[in-house]
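Structure first, then comments.
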Amino acid sequence: MAGTPQYLRNLNENLIMDALITQGAMSRADISRQTGLSKPTVSSAVEHLIERNLVKETGRADNAQGRKATLIQFNETAYYVCGVDIGATRIRVALADLNGQIVAYAAYPPIIQDMHQQQKSKESRQSNESQQSNESSERSVLLLLHGYVNQMLQKNGLEWSNIRCIGFGIPGVVLPGSGKIKRIVEPLTGMESAFSRDALARAFPCDVILDNDVNLAALGEYRSGAAVDSPLFVFFSIGAGTGAGIMVQGQLLHGLGGMTGEVAEMLMENGSRLEDVLSADGLLHLAKQRGLALGLKNSNELKNSNELKESNEVKNPNHSDAFPFSAEEVTGDNTDEIADEMQALTPELIFEAARNGEALVISVIKQYSRMIALALRQISTVLAPELIVLGGGIGGNGDVLLPILRQIAAEQFPVKPQLICSALGERAVVTGAVQVALQRTLLNLQQGVSEE
């Protein structure tokens with residue numbers, strides 16, 4: 001209650017902690033001058049903060065005269081927080097101290113792949129067991145995540161009691177009130193219940209926060225990436241799915257039902273959903289429509305095949321070894337072989353070929369970029385952000401995409417935000433997850449929430 005001794009003590013201690021976090025180590029006298037608190041009040045509050053292990057004495061001040069004062073420093077290792085990015089293609093886990101400094105990071109296979117391997121191993125030992133129930137499957141997912149975090153703690157000599165909060169990022173719509181997941185991208189469909197906030201809270205012995213992954217990526221870029229202190233910016237993610245995180249004056253927008261930034265549902269000119277067109281599958285579909293196929297053989301093998309090389313040169317002298325076939329060249333006995341090669345096409349290989357100057361690939365990238373630009377134009381017109389940050393597995397290829405997008409924006413956008421690429425890359429989501437966990441933890445410590 002406001003005005004009580006406990007409230008005043010918390011207020012004084014919060015002022016001191018804020019000063020130490022902002023200014024670094026200070027003497028008690030410096031703290032008094034910085035905060036405006038009396039020296040006796042500072043001494044009493046500092047002693048209590050030392051008891052709580054939130055500050056510590058460290059070294060001596062370098063004052064010119066008299067007895068050198070003892071310095072007081074915020075104890076960033078009093079507790080730790082974690083961030084977990086539950087991605088469709090990778091699980092990423094980060095451990096951070098109370099300064100938000102990431103001290104450990106690891107990436108793991110996607111949930112589906114790892115669970116499939118575990119299930120296959122179990123079936124080989126217990127072939128007569130019936131198929132797992134949904135409840136059992138959810139428990140397996142949570143045990144897997146728990147094991148990843150536990151492994152990181154053990155490697156860093158920490159116990160679960162050292163962890164105050166874990167932030168989770170999920171590629172789906174998280175309902176702000178209930179923490180339930182309304183929609184989730186493939187291949188995680190069907191796991192909405194396992195990744196709900198309540199399910200995660202039951203599985204982990206600490207505070208839990210759950211948010212959309214692109215929202216957290218936006219926060220990560222704002223705190224320590226490409227958009228530091230930007231008053232209004234959009235993080236536009238293109239990968240297995242498509243989404244946007246919007247930050248205004250340092251605050252994430254969630255909107256009705258957590259749907260702010262769900263640009264996946266925007267419609268293109270032909271009525272297609274934006275995500276169906278711009279996602280990794282959309283890019284591959286466009287590439288295959290344009291006749292791109294990546295040979296399974298490497299360039300050295302192709303060079304050794306004179307007959308194949310000569311055939312390609314006759315049909316198309318502009319072809320290189322990286323993309324030796326086009327759709328109209330698939331004839332005769334090699335039809336099945338080329339079909340297999342079409343299956344080998346990936347976004348990574350498409351962008352690699354674009355960097356190597358493949359003419360047909362570059363034309364595909366330009367067409368793809370025009371569709372990205374159409375979405376960015378609508379976002380820019382509505383929000384007028386000063387900055388748009390591209391991220392995600394595909395959006396992160398800024399060296400290829402940005403020159404095209406910037407030219408289109410300069411020529412066609414009524415509002416012309418700065419277009420840049422993510423500075424955090426694949427760590428953007430997990431960095432944001434660490435930040436929300438850190439904010440919650442510091443708030444709880446300031447409010448005197450039990451540290452047991």
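Chain labels A, B, ... are given in the sequence in which chains occur in the structure tokens; within each chain residues are numbered consecutively from 1, and ligands are likewise numbered from 1 in the order shown.
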Practice task
Just the strand (DSSP E) stuff from range 346-448 of chain A, please, per backbone DSSP, written as a PyMOL selection string.
Solution key: chain A and resi 387-391+418-421
Output file for the selection above: all heavy atoms, as a PDB file, in the first residue's frame:
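Final output, saved to part01.pdb:
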ATOM      1  N   LEU A 387      10.909   3.314 -40.405  1.00  0.00           N
ATOM      2  CA  LEU A 387      11.855   2.228 -40.643  1.00  0.00           C
ATOM      3  C   LEU A 387      11.111   0.906 -40.810  1.00  0.00           C
ATOM      4  O   LEU A 387      10.172   0.616 -40.083  1.00  0.00           O
ATOM      5  CB  LEU A 387      12.816   2.129 -39.449  1.00  0.00           C
ATOM      6  CG  LEU A 387      13.862   1.024 -39.451  1.00  0.00           C
ATOM      7  CD1 LEU A 387      14.893   1.268 -40.549  1.00  0.00           C
ATOM      8  CD2 LEU A 387      14.554   0.946 -38.089  1.00  0.00           C
ATOM      9  N   ILE A 388      11.544   0.105 -41.792  1.00  0.00           N
ATOM     10  CA  ILE A 388      11.079  -1.275 -41.938  1.00  0.00           C
ATOM     11  C   ILE A 388      12.313  -2.168 -41.940  1.00  0.00           C
ATOM     12  O   ILE A 388      13.244  -1.960 -42.725  1.00  0.00           O
ATOM     13  CB  ILE A 388      10.270  -1.488 -43.229  1.00  0.00           C
ATOM     14  CG1 ILE A 388       8.964  -0.685 -43.182  1.00  0.00           C
ATOM     15  CG2 ILE A 388       9.955  -2.976 -43.430  1.00  0.00           C
ATOM     16  CD1 ILE A 388       8.104  -0.826 -44.432  1.00  0.00           C
ATOM     17  N   VAL A 389      12.313  -3.141 -41.041  1.00  0.00           N
ATOM     18  CA  VAL A 389      13.434  -4.078 -40.914  1.00  0.00           C
ATOM     19  C   VAL A 389      13.008  -5.428 -41.472  1.00  0.00           C
ATOM     20  O   VAL A 389      12.019  -6.009 -41.019  1.00  0.00           O
ATOM     21  CB  VAL A 389      13.865  -4.239 -39.442  1.00  0.00           C
ATOM     22  CG1 VAL A 389      15.026  -5.229 -39.333  1.00  0.00           C
ATOM     23  CG2 VAL A 389      14.248  -2.896 -38.844  1.00  0.00           C
ATOM     24  N   LEU A 390      13.739  -5.932 -42.440  1.00  0.00           N
ATOM     25  CA  LEU A 390      13.457  -7.251 -43.008  1.00  0.00           C
ATOM     26  C   LEU A 390      14.192  -8.323 -42.213  1.00  0.00           C
ATOM     27  O   LEU A 390      15.363  -8.161 -41.869  1.00  0.00           O
ATOM     28  CB  LEU A 390      13.902  -7.332 -44.466  1.00  0.00           C
ATOM     29  CG  LEU A 390      13.118  -6.545 -45.514  1.00  0.00           C
ATOM     30  CD1 LEU A 390      13.637  -6.892 -46.901  1.00  0.00           C
ATOM     31  CD2 LEU A 390      11.636  -6.834 -45.421  1.00  0.00           C
ATOM     32  N   GLY A 391      13.499  -9.431 -41.937  1.00  0.00           N
ATOM     33  CA  GLY A 391      14.119 -10.531 -41.208  1.00  0.00           C
ATOM     34  C   GLY A 391      13.507 -11.849 -41.603  1.00  0.00           C
ATOM     35  O   GLY A 391      12.694 -11.943 -42.526  1.00  0.00           O
ATOM     36  N   GLN A 418      12.764   4.006 -44.424  1.00  0.00           N
ATOM     37  CA  GLN A 418      14.082   3.409 -44.628  1.00  0.00           C
ATOM     38  C   GLN A 418      13.933   1.898 -44.591  1.00  0.00           C
ATOM     39  O   GLN A 418      13.270   1.340 -43.706  1.00  0.00           O
ATOM     40  CB  GLN A 418      15.044   3.866 -43.525  1.00  0.00           C
ATOM     41  CG  GLN A 418      16.448   3.311 -43.672  1.00  0.00           C
ATOM     42  CD  GLN A 418      17.355   3.685 -42.510  1.00  0.00           C
ATOM     43  OE1 GLN A 418      16.901   4.294 -41.534  1.00  0.00           O
ATOM     44  NE2 GLN A 418      18.617   3.335 -42.589  1.00  0.00           N
ATOM     45  N   LEU A 419      14.526   1.203 -45.548  1.00  0.00           N
ATOM     46  CA  LEU A 419      14.471  -0.258 -45.608  1.00  0.00           C
ATOM     47  C   LEU A 419      15.847  -0.816 -45.277  1.00  0.00           C
ATOM     48  O   LEU A 419      16.826  -0.504 -45.960  1.00  0.00           O
ATOM     49  CB  LEU A 419      14.039  -0.732 -46.998  1.00  0.00           C
ATOM     50  CG  LEU A 419      12.664  -0.280 -47.492  1.00  0.00           C
ATOM     51  CD1 LEU A 419      12.420  -0.791 -48.902  1.00  0.00           C
ATOM     52  CD2 LEU A 419      11.570  -0.768 -46.553  1.00  0.00           C
ATOM     53  N   ILE A 420      15.929  -1.632 -44.229  1.00  0.00           N
ATOM     54  CA  ILE A 420      17.192  -2.245 -43.838  1.00  0.00           C
ATOM     55  C   ILE A 420      16.951  -3.700 -43.466  1.00  0.00           C
ATOM     56  O   ILE A 420      15.807  -4.159 -43.401  1.00  0.00           O
ATOM     57  CB  ILE A 420      17.861  -1.505 -42.656  1.00  0.00           C
ATOM     58  CG1 ILE A 420      16.958  -1.544 -41.417  1.00  0.00           C
ATOM     59  CG2 ILE A 420      18.197  -0.076 -43.035  1.00  0.00           C
ATOM     60  CD1 ILE A 420      17.609  -0.912 -40.189  1.00  0.00           C
ATOM     61  N   CYS A 421      18.024  -4.421 -43.216  1.00  0.00           N
ATOM     62  CA  CYS A 421      17.937  -5.836 -42.854  1.00  0.00           C
ATOM     63  C   CYS A 421      18.210  -6.018 -41.366  1.00  0.00           C
ATOM     64  O   CYS A 421      18.879  -5.199 -40.732  1.00  0.00           O
ATOM     65  CB  CYS A 421      18.938  -6.633 -43.679  1.00  0.00           C
ATOM     66  SG  CYS A 421      18.615  -8.415 -43.713  1.00  0.00           S
TER      67      CYS A 421
END
Could you make a table, as a Markdown table, of the residues of range 334-452 of chain A that have an atom within 12 Å of an atom of range 212-232 of chain A, each with its nearest atom pair and distance in Å to one decimal, counting only C-alpha atoms, in chain and number order?
| residue | atom | partner | partner_atom | distance |
| --- | --- | --- | --- | --- |
| A:Ser380 | CA | A:Leu232 | CA | 11.1 |
| A:Leu383 | CA | A:Leu232 | CA | 8.6 |
| A:Ala384 | CA | A:Leu232 | CA | 8.4 |
| A:Pro385 | CA | A:Leu232 | CA | 5.3 |
| A:Glu386 | CA | A:Leu232 | CA | 6.2 |
| A:Leu387 | CA | A:Leu232 | CA | 7.0 |
| A:Ile388 | CA | A:Ala227 | CA | 8.7 |
| A:Val389 | CA | A:Ala226 | CA | 7.3 |
| A:Leu390 | CA | A:Ala226 | CA | 9.8 |
| A:Gly391 | CA | A:Ala217 | CA | 8.4 |
| A:Gly392 | CA | A:Val214 | CA | 8.8 |
| A:Pro417 | CA | A:Leu232 | CA | 10.3 |
| A:Gln418 | CA | A:Ala227 | CA | 10.7 |
| A:Leu419 | CA | A:Ala226 | CA | 10.5 |
| A:Ile420 | CA | A:Ala226 | CA | 7.7 |
| A:Cys421 | CA | A:Ala226 | CA | 7.4 |
| A:Ser422 | CA | A:Ala226 | CA | 5.8 |
| A:Ala423 | CA | A:Ala226 | CA | 5.0 |
| A:Leu424 | CA | A:Gly225 | CA | 5.7 |
| A:Gly425 | CA | A:Gly225 | CA | 9.2 |
| A:Glu426 | CA | A:Ala217 | CA | 9.3 |
| A:Arg427 | CA | A:Ala217 | CA | 8.2 |
| A:Ala428 | CA | A:Ala217 | CA | 4.6 |
| A:Val429 | CA | A:Ala217 | CA | 4.1 |
| A:Val430 | CA | A:Ala217 | CA | 7.4 |
| A:Thr431 | CA | A:Gly220 | CA | 5.0 |
| A:Gly432 | CA | A:Gly220 | CA | 3.9 |
| A:Ala433 | CA | A:Leu216 | CA | 5.8 |
| A:Val434 | CA | A:Gly220 | CA | 8.4 |
| A:Gln435 | CA | A:Gly220 | CA | 7.1 |
| A:Val436 | CA | A:Leu216 | CA | 8.0 |
| A:Ala437 | CA | A:Leu216 | CA | 10.9 |
| A:Leu438 | CA | A:Arg223 | CA | 11.9 |
| A:Gln439 | CA | A:Leu219 | CA | 11.7 |
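For Leu267 in chain A, the non-local neighbours within 12 Å, defined as residues at least 3 positions apart in the same chain or in other chains and counting only C-alpha atoms, are Glu262, Val263, Ala264, Asn270, Gly271, Ser272, Arg273, Leu274, Glu275, Asp276, Val277, Leu278, Met371, Leu374, Ala375 and Gln378 of chain A.
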Take the residues from that selection and put them in a file with all heavy atoms, as a CSV table (one decimal), in the first residue's frame.
chain,number,residue,atom,x,y,z
A,262,GLU,N,-0.5,-9.5,-38.3
A,262,GLU,CA,-0.8,-10.8,-39.0
A,262,GLU,C,-1.0,-10.5,-40.5
A,262,GLU,O,-2.1,-10.7,-41.1
A,262,GLU,CB,-2.0,-11.5,-38.4
A,262,GLU,CG,-1.7,-12.1,-37.1
A,262,GLU,CD,-0.6,-13.2,-37.2
A,262,GLU,OE1,-0.7,-14.1,-38.0
A,262,GLU,OE2,0.4,-13.1,-36.4
A,263,VAL,N,0.1,-10.0,-41.1
A,263,VAL,CA,0.0,-9.7,-42.5
A,263,VAL,C,-0.2,-10.9,-43.4
A,263,VAL,O,-0.4,-10.8,-44.6
A,263,VAL,CB,1.2,-8.9,-43.0
A,263,VAL,CG1,1.3,-7.6,-42.2
A,263,VAL,CG2,2.5,-9.7,-42.7
A,264,ALA,N,0.0,-12.1,-42.9
A,264,ALA,CA,-0.2,-13.3,-43.6
A,264,ALA,C,-1.6,-13.3,-44.3
A,264,ALA,O,-1.7,-13.9,-45.4
A,264,ALA,CB,0.0,-14.5,-42.8
A,270,ASN,N,-4.3,-10.9,-57.0
A,270,ASN,CA,-5.0,-12.0,-57.6
A,270,ASN,C,-5.9,-12.8,-56.5
A,270,ASN,O,-6.4,-13.8,-56.8
A,270,ASN,CB,-4.1,-13.0,-58.2
A,270,ASN,CG,-3.1,-13.6,-57.2
A,270,ASN,OD1,-3.1,-13.3,-56.0
A,270,ASN,ND2,-2.2,-14.5,-57.7
A,271,GLY,N,-6.0,-12.2,-55.3
A,271,GLY,CA,-6.8,-12.9,-54.3
A,271,GLY,C,-6.0,-13.9,-53.4
A,271,GLY,O,-6.6,-14.4,-52.5
A,272,SER,N,-4.7,-14.1,-53.7
A,272,SER,CA,-3.9,-15.1,-52.9
A,272,SER,C,-3.6,-14.4,-51.5
A,272,SER,O,-3.4,-13.2,-51.4
A,272,SER,CB,-2.7,-15.4,-53.6
A,272,SER,OG,-2.9,-16.0,-54.9
A,273,ARG,N,-3.5,-15.3,-50.5
A,273,ARG,CA,-3.0,-14.8,-49.2
A,273,ARG,C,-1.5,-14.5,-49.3
A,273,ARG,O,-0.8,-15.1,-50.0
A,273,ARG,CB,-3.2,-15.9,-48.1
A,273,ARG,CG,-4.6,-16.2,-47.7
A,273,ARG,CD,-4.6,-17.4,-46.8
A,273,ARG,NE,-4.0,-17.2,-45.5
A,273,ARG,CZ,-2.9,-17.7,-45.1
A,273,ARG,NH1,-2.2,-18.5,-45.8
A,273,ARG,NH2,-2.4,-17.4,-43.9
A,274,LEU,N,-1.2,-13.4,-48.6
A,274,LEU,CA,0.2,-13.0,-48.7
A,274,LEU,C,1.2,-14.1,-48.3
A,274,LEU,O,2.2,-14.3,-48.9
A,274,LEU,CB,0.4,-11.7,-47.8
A,274,LEU,CG,1.8,-11.1,-47.8
A,274,LEU,CD1,2.0,-10.4,-49.1
A,274,LEU,CD2,1.9,-10.1,-46.6
A,275,GLU,N,0.9,-14.8,-47.2
A,275,GLU,CA,1.8,-15.8,-46.7
A,275,GLU,C,2.0,-16.9,-47.8
A,275,GLU,O,3.0,-17.5,-47.9
A,275,GLU,CB,1.3,-16.4,-45.4
A,275,GLU,CG,2.2,-17.5,-44.8
A,275,GLU,CD,1.9,-17.8,-43.4
A,275,GLU,OE1,2.4,-17.0,-42.5
A,275,GLU,OE2,1.1,-18.7,-43.1
A,276,ASP,N,0.9,-17.3,-48.5
A,276,ASP,CA,1.0,-18.3,-49.5
A,276,ASP,C,1.9,-17.9,-50.6
A,276,ASP,O,2.5,-18.8,-51.3
A,276,ASP,CB,-0.4,-18.6,-50.1
A,276,ASP,CG,-1.3,-19.2,-49.0
A,276,ASP,OD1,-0.8,-19.8,-48.0
A,276,ASP,OD2,-2.6,-19.1,-49.2
A,277,VAL,N,2.0,-16.6,-50.9
A,277,VAL,CA,2.9,-16.1,-52.0
A,277,VAL,C,4.3,-15.9,-51.5
A,277,VAL,O,5.2,-16.2,-52.3
A,277,VAL,CB,2.2,-14.8,-52.6
A,277,VAL,CG1,3.2,-14.2,-53.6
A,277,VAL,CG2,0.9,-15.2,-53.2
A,278,LEU,N,4.5,-15.3,-50.3
A,278,LEU,CA,5.8,-14.9,-49.9
A,278,LEU,C,6.6,-15.8,-49.0
A,278,LEU,O,7.8,-15.7,-48.8
A,278,LEU,CB,5.7,-13.5,-49.1
A,278,LEU,CG,5.2,-12.3,-49.9
A,278,LEU,CD1,5.3,-11.1,-49.1
A,278,LEU,CD2,6.0,-12.2,-51.2
A,371,MET,N,6.4,-8.5,-55.3
A,371,MET,CA,5.3,-8.9,-54.4
A,371,MET,C,5.5,-8.5,-53.0
A,371,MET,O,4.6,-8.1,-52.3
A,371,MET,CB,5.1,-10.5,-54.5
A,371,MET,CG,4.6,-10.9,-55.9
A,371,MET,SD,4.1,-12.6,-56.0
A,371,MET,CE,5.7,-13.4,-55.8
A,374,LEU,N,4.8,-4.9,-52.8
A,374,LEU,CA,3.3,-4.6,-52.8
A,374,LEU,C,2.8,-4.6,-51.3
A,374,LEU,O,2.1,-3.7,-50.9
A,374,LEU,CB,2.6,-5.6,-53.6
A,374,LEU,CG,1.0,-5.4,-53.7
A,374,LEU,CD1,0.7,-4.1,-54.3
A,374,LEU,CD2,0.4,-6.6,-54.5
A,375,ALA,N,3.3,-5.6,-50.6
A,375,ALA,CA,2.9,-5.7,-49.2
A,375,ALA,C,3.4,-4.5,-48.3
A,375,ALA,O,2.7,-3.9,-47.5
A,375,ALA,CB,3.3,-7.0,-48.6
A,378,GLN,N,1.6,-1.2,-48.8
A,378,GLN,CA,0.3,-1.1,-48.1
A,378,GLN,C,0.6,-0.8,-46.6
A,378,GLN,O,-0.1,0.1,-46.0
A,378,GLN,CB,-0.5,-2.4,-48.2
A,378,GLN,CG,-0.7,-2.9,-49.6
A,378,GLN,CD,-1.3,-1.8,-50.5
A,378,GLN,OE1,-2.1,-1.0,-50.2
A,378,GLN,NE2,-0.7,-1.8,-51.7
Exercise for the section: Using only C-alpha atoms, determine which residues lie at most 7 Å from range 42-52 of chain A, disregarding the query and same-chain residues fewer than 4 positions distant; provide the list as JSON, numbers by chain. Expected result: {"A": [12, 13, 28, 32, 37, 38, 56]}
What would the file look like if the residues just selected were written as a compact mmCIF listing (two decimals), in the first residue's frame with C-alpha atoms?
# COMPACT_ATOMS: atom_id res chain seq x y z
CA ASN A 12 14.17 3.72 -2.41
CA GLU A 13 15.74 0.42 -3.41
CA ARG A 28 27.27 5.33 -1.40
CA SER A 32 23.01 9.72 -2.56
CA LEU A 37 18.20 10.16 -1.05
CA SER A 38 19.87 10.90 2.27
CA LYS A 56 27.46 -6.15 -4.19
Exercise for the section: Considering only C-alpha atoms, return as a PyMOL selection string whatever protein or nucleic-acid residues lie within 8 Å of Pro347 in chain A, sequence-local ones (same chain, fewer than 5 positions apart) excluded. Expected result: chain A and resi 280+283-284+394
Practice task
Just the helix (DSSP H, G or I) stuff from range 139-182 of chain A, please, per backbone DSSP, written as a ChimeraX atom specification.
Solution key: /A:139-155,160-162
Problem - Within 8 Å of Ile184 in chain A using only C-alpha atoms, minus same-chain residues under 2 positions, as a list of chain:residue names - result: A:Ile170, A:Pro171, A:Gly172, A:Val173, A:Ile181, A:Lys182, A:Glu186, A:Leu188, A:Thr189, A:Glu192
Exercise for the section: May I ask for the distance between CA of Val185 in chain A and CA of Thr242 in chain A, given in Å to one decimal place? Expected result: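 About the pair CA of Val185 in chain A and CA of Thr242 in chain A: they are 9.4 Å apart.
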Handout entry: One-decimal distance in Å that lies between CA of Gly250 in chain A and CA of Leu200 in chain A
Key = 26.6 Å
Practice task
State, in Å with one decimal place, the distance from CA of Leu402 in chain A to CA of Ser369 in chain A.
Solution key: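 Separation between CA of Leu402 in chain A and CA of Ser369 in chain A: 8.8 Å.
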